[in-house]
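Next comes target14.txt, a file with compact mmCIF, C-alpha atoms.
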# COMPACT_ATOMS: atom_id res chain seq x y z
CA MET A 1 58.94 24.92 -7.35
CA ARG A 2 56.94 25.85 -10.41
CA ILE A 3 57.50 29.52 -11.13
CA VAL A 4 55.80 31.65 -13.79
CA ILE A 5 57.61 34.79 -14.96
CA ALA A 6 55.86 37.64 -16.77
CA GLY A 7 58.11 39.42 -19.23
CA GLY A 8 59.88 36.12 -19.83
CA HIS A 9 62.11 37.44 -22.61
CA GLY A 10 63.33 40.48 -20.67
CA GLN A 11 66.98 40.84 -19.75
CA ILE A 12 66.46 40.14 -16.05
CA ALA A 13 63.93 37.37 -16.71
CA LEU A 14 66.24 35.45 -19.05
CA ARG A 15 68.94 35.49 -16.39
CA LEU A 16 66.47 34.46 -13.69
CA GLU A 17 65.15 31.60 -15.81
CA GLN A 18 68.66 30.24 -16.26
CA LEU A 19 69.31 30.31 -12.52
CA LEU A 20 66.01 28.64 -11.63
CA THR A 21 66.10 25.88 -14.23
CA ALA A 22 69.75 25.14 -13.39
CA ARG A 23 68.76 24.30 -9.83
CA GLY A 24 65.84 22.14 -10.91
CA ASP A 25 62.82 24.41 -10.71
CA GLU A 26 60.05 24.16 -13.29
CA VAL A 27 59.85 27.55 -14.99
CA ALA A 28 57.44 29.10 -17.48
CA GLY A 29 58.06 32.46 -19.11
CA ILE A 30 55.24 34.56 -20.52
CA ILE A 31 56.25 36.17 -23.82
CA ARG A 32 54.43 38.29 -26.40
CA LYS A 33 56.09 36.99 -29.59
CA PRO A 34 56.38 33.34 -30.65
CA GLU A 35 59.82 34.03 -32.15
CA GLN A 36 61.14 34.69 -28.62
CA ALA A 37 60.46 31.09 -27.58
CA GLY A 38 63.85 29.71 -28.63
CA ASP A 39 65.74 31.84 -26.13
CA LEU A 40 63.61 30.42 -23.30
CA LEU A 41 63.82 26.84 -24.52
CA ALA A 42 67.62 27.12 -24.51
CA SER A 43 67.55 27.30 -20.70
CA GLY A 44 64.84 24.67 -20.26
CA THR A 45 62.13 27.27 -19.68
CA GLU A 46 58.61 26.66 -20.99
CA PRO A 47 57.60 29.53 -23.32
CA VAL A 48 54.01 30.72 -22.93
CA VAL A 49 52.77 33.13 -25.60
CA CYS A 50 50.34 35.57 -23.98
CA ASP A 51 50.08 39.32 -24.49
CA LEU A 52 49.27 40.72 -21.05
CA GLU A 53 48.11 43.99 -22.60
CA SER A 54 45.18 42.25 -24.32
CA ALA A 55 44.71 38.97 -22.42
CA SER A 56 41.68 38.30 -20.24
CA LEU A 57 41.98 37.43 -16.58
CA GLU A 58 40.80 33.88 -17.36
CA ASP A 59 43.58 33.48 -19.95
CA VAL A 60 46.29 34.47 -17.48
CA VAL A 61 44.85 32.37 -14.66
CA LYS A 62 45.24 29.26 -16.85
CA HIS A 63 48.95 29.94 -17.19
CA LEU A 64 49.37 30.31 -13.42
CA GLU A 65 47.44 27.23 -12.33
CA GLY A 66 49.72 24.93 -10.35
CA ALA A 67 52.37 27.60 -9.85
CA ASP A 68 54.05 28.01 -6.47
CA ALA A 69 55.28 31.52 -7.24
CA ALA A 70 54.92 34.31 -9.79
CA VAL A 71 57.43 36.98 -10.80
CA PHE A 72 56.42 40.13 -12.66
CA ALA A 73 59.49 41.25 -14.60
CA ALA A 74 57.73 42.75 -17.61
CA GLY A 75 58.16 46.31 -18.85
CA ALA A 76 57.26 48.40 -21.85
CA GLY A 77 60.96 48.95 -22.46
CA PRO A 78 62.95 51.78 -24.03
CA GLY A 79 61.37 53.53 -26.96
CA SER A 80 57.82 53.05 -25.72
CA GLY A 81 55.63 56.03 -24.94
CA ALA A 82 53.84 57.07 -21.79
CA ALA A 83 50.66 55.16 -22.72
CA ARG A 84 52.45 51.80 -22.75
CA LYS A 85 54.11 52.54 -19.43
CA ASP A 86 50.60 52.48 -18.03
CA THR A 87 49.33 49.45 -19.95
CA VAL A 88 52.42 47.28 -19.32
CA ASP A 89 54.18 48.48 -16.19
CA HIS A 90 50.96 49.19 -14.28
CA ARG A 91 47.89 47.48 -15.74
CA SER A 92 49.62 44.27 -16.81
CA ALA A 93 51.17 43.96 -13.35
CA VAL A 94 47.73 44.29 -11.77
CA LEU A 95 46.28 41.69 -14.17
CA PHE A 96 49.12 39.29 -13.38
CA ALA A 97 48.60 39.79 -9.64
CA ASP A 98 44.84 39.25 -10.02
CA ALA A 99 45.56 36.00 -11.86
CA ALA A 100 48.11 34.86 -9.28
CA GLU A 101 45.56 35.36 -6.51
CA ARG A 102 42.87 33.52 -8.46
CA ALA A 103 45.24 30.63 -9.23
CA GLY A 104 46.55 30.39 -5.68
CA ALA A 105 50.15 31.33 -6.51
CA ARG A 106 50.68 33.23 -3.26
CA ARG A 107 54.39 34.02 -3.50
CA PHE A 108 54.65 37.07 -5.73
CA LEU A 109 57.69 39.15 -6.63
CA ILE A 110 57.58 42.32 -8.69
CA VAL A 111 60.58 44.07 -10.20
CA SER A 112 59.91 47.76 -9.68
CA SER A 113 62.27 50.73 -9.91
CA MET A 114 64.17 52.92 -7.54
CA GLY A 115 62.46 56.31 -7.58
CA ALA A 116 58.95 54.83 -7.57
CA SER A 117 58.53 55.74 -3.91
CA HIS A 118 57.88 59.43 -4.57
CA GLU A 119 56.49 61.79 -7.19
CA PRO A 120 59.06 62.50 -9.95
CA PRO A 121 60.65 65.98 -9.83
CA PRO A 122 59.10 68.59 -12.17
CA ASP A 123 62.09 68.51 -14.54
CA THR A 124 61.87 64.72 -15.11
CA ASP A 125 61.52 63.56 -18.71
CA PRO A 126 57.75 63.09 -19.23
CA VAL A 127 58.00 59.48 -20.43
CA PHE A 128 60.32 58.51 -17.60
CA ALA A 129 57.99 60.23 -15.14
CA ALA A 130 55.11 58.19 -16.57
CA TYR A 131 57.21 55.05 -16.07
CA LEU A 132 57.89 55.85 -12.43
CA ARG A 133 54.22 56.66 -11.77
CA ALA A 134 53.17 53.40 -13.45
CA LYS A 135 55.62 51.43 -11.30
CA ALA A 136 54.40 53.20 -8.18
CA ALA A 137 50.75 52.48 -9.01
CA ALA A 138 51.52 48.79 -9.60
CA ASP A 139 53.47 48.58 -6.33
CA ASP A 140 50.66 50.24 -4.39
CA ASP A 141 48.07 47.85 -5.83
CA ILE A 142 50.10 44.75 -5.00
CA ARG A 143 51.07 45.93 -1.53
CA ALA A 144 47.38 46.33 -0.66
CA ARG A 145 46.67 42.63 -1.28
CA ASP A 146 46.19 40.14 1.52
CA GLY A 147 45.94 37.24 -0.92
CA LEU A 148 49.59 37.41 -2.00
CA ASP A 149 52.86 36.99 -0.13
CA TRP A 150 54.42 39.82 -2.08
CA THR A 151 57.87 41.38 -2.19
CA VAL A 152 58.57 44.55 -4.17
CA LEU A 153 62.17 44.82 -5.40
CA ARG A 154 63.40 48.24 -6.54
CA PRO A 155 66.81 47.98 -8.23
CA GLY A 156 69.10 50.91 -8.88
CA ARG A 157 70.42 51.77 -12.34
CA LEU A 158 70.73 48.51 -14.24
CA THR A 159 73.95 47.49 -16.00
CA ASN A 160 75.05 44.52 -18.08
CA GLU A 161 78.38 44.14 -16.31
CA PRO A 162 79.13 40.63 -15.02
CA GLY A 163 77.48 39.94 -11.68
CA THR A 164 79.56 40.56 -8.58
CA GLY A 165 77.54 38.39 -6.19
CA ARG A 166 77.75 41.21 -3.66
CA VAL A 167 74.88 43.61 -3.00
CA LYS A 168 73.21 46.02 -0.63
CA LEU A 169 69.56 45.18 0.04
CA ALA A 170 67.48 47.36 2.36
CA GLU A 171 64.40 49.54 2.54
CA ARG A 172 66.63 52.47 1.60
CA THR A 173 70.02 52.00 -0.05
CA GLY A 174 70.77 55.31 -1.74
CA ARG A 175 71.17 55.52 -5.50
CA ALA A 176 73.79 53.44 -7.29
CA GLU A 177 74.15 50.77 -9.97
CA ILE A 178 73.23 47.08 -9.86
CA THR A 179 74.03 44.44 -12.46
CA ARG A 180 71.18 42.52 -14.02
CA ASP A 181 73.00 39.33 -13.06
CA ASP A 182 72.85 40.32 -9.43
CA VAL A 183 69.18 41.32 -9.63
CA ALA A 184 68.38 37.83 -10.93
CA ALA A 185 70.43 36.25 -8.14
CA VAL A 186 68.59 38.28 -5.50
CA LEU A 187 65.20 37.37 -6.98
CA THR A 188 66.17 33.71 -6.78
CA ALA A 189 67.13 34.07 -3.13
CA LEU A 190 63.95 36.02 -2.31
CA LEU A 191 61.80 33.24 -3.74
CA ASP A 192 63.30 30.91 -1.10
CA GLU A 193 62.82 33.23 1.85
CA PRO A 194 59.18 33.67 2.93
CA ARG A 195 60.16 36.10 5.67
CA THR A 196 60.86 38.73 2.99
CA ALA A 197 57.15 38.81 2.12
CA GLY A 198 55.47 42.13 2.81
CA ARG A 199 58.68 44.07 2.22
CA THR A 200 59.59 46.79 -0.27
CA LEU A 201 63.34 46.64 -0.82
CA GLU A 202 65.88 48.67 -2.75
CA LEU A 203 68.88 46.94 -4.31
CA ILE A 204 72.31 48.13 -5.42
CA ASN A 205 75.72 46.52 -5.66
CA GLY A 206 77.45 46.46 -2.30
CA ASP A 207 79.57 44.40 0.07
CA ALA A 208 77.30 41.58 1.25
CA ALA A 209 77.02 38.22 -0.47
CA VAL A 210 73.54 37.77 -1.97
CA ALA A 211 72.57 34.99 0.45
CA ASP A 212 73.76 37.02 3.43
CA ALA A 213 71.95 40.16 2.27
CA VAL A 214 68.64 38.32 1.90
CA ALA A 215 69.13 36.49 5.20
CA ALA A 216 69.77 39.79 6.99
CA VAL A 217 66.54 41.29 5.64
CA ALA A 218 64.64 38.14 6.60
CA ALA A 219 66.08 38.21 10.12
CA GLU A 220 64.59 41.67 10.67
CA ARG A 221 61.21 39.93 10.76
CA GLY A 222 62.41 37.25 13.21
Spell out the structure here as structure tokens.
Amino acid sequence: MRIVIAGGHGQIALRLEQLLTARGDEVAGIIRKPEQAGDLLASGTEPVVCDLESASLEDVVKHLEGADAAVFAAGAGPGSGAARKDTVDHRSAVLFADAAERAGARRFLIVSSMGASHEPPPDTDPVFAAYLRAKAAADDDIRARDGLDWTVLRPGRLTNEPGTGRVKLAERTGRAEITRDDVAAVLTALLDEPRTAGRTLELINGDAAVADAVAAVAAERG
């Protein structure tokens, strides 16, 4: 497959790129800064410099032409304010989805966040609340599209511990941690399983092997 990943220099994206190129996929990662290109090239990933906050739809479509799948793994990141949660986590996701539809890249995965399924409690940190609302708005936009075979993945609290290869994947999992390694492994498996399209799934570390967890979710659709 040819797969284009938005947020190509993010911690999950870098892991995902390594997994995909290692198995022979053609991968492009969209990055904002030219100096990030070396980290992508090290895994055999094509770096594409494009700032999704300022790019036009036509610009992004060009980068998605010929792609079989698109993954939105971008985020404003820690230290950014509420305004960038909206412009990156929401509006850039919508732009990327618009471009994927226009380019015919039907398979579309978005990395969301656990907690995006409901309004944040009143005592939530304002910036984190803005982040959750931005993720929820992006999810809602993408889930309303008939032109994409979308899957929304909502991981629990992310850690940099080594991957376990064992997860819990379901519409509701309860809150717990998940390693970034394991998120990347699940994204890889989801790309191969079209029966997970149209699903919003939570992900935490658990007892099932990644392949088995994805297969079980797919089997629910028959």
Would you please work out which residue, of A:Ala67, A:Leu19, A:Leu57, A:Ala216, is nearest to Leu187 (chain A) when using all atoms listed in the file?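 Checking each of A:Ala67, A:Leu19, A:Leu57, A:Ala216 against Leu187 (chain A), counting all atoms listed in the file, the winner is A:Leu19.
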If I take CA of Gly206 (chain A) and CA of Ala73 (chain A), how far is one from the other in Å, to one decimal?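 It comes out at 22.4 Å.
Of the residues listed (A:Ala100, A:Ala55, A:Ala134, A:Leu14), A:Ala100 shows the shortest atom-to-atom separation from Asp149 (chain A); distances use all atoms listed in the file.
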Grab the CA of Gly115 (chain A) to CA of Ala93 (chain A) distance for me, in Å with one decimal place. 17.7 Å
Select, from A:Thr173, A:Lys168, A:Glu202, A:Val94, the residue with the minimum atom-to-atom distance to Ala215 (chain A), counting all atoms listed in the file.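 So, comparing all the options, the nearest one is A:Lys168.
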Which of A:Arg180, A:Arg143, A:Arg133, A:Arg2 sits closest to Pro121 (chain A) [using only C-alpha atoms]: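 Of A:Arg180, A:Arg143, A:Arg133, A:Arg2, the one nearest Pro121 (chain A) is A:Arg133, counting only C-alpha atoms.
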Using all atoms listed in the file, determine which residues lie at most 9 Å from Asp59 (chain A), disregarding the query and same-chain residues fewer than 4 positions distant; provide the list as a list in words.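 The residues that qualify are Cys50, Ala55, His63 and Ala99 of chain A.
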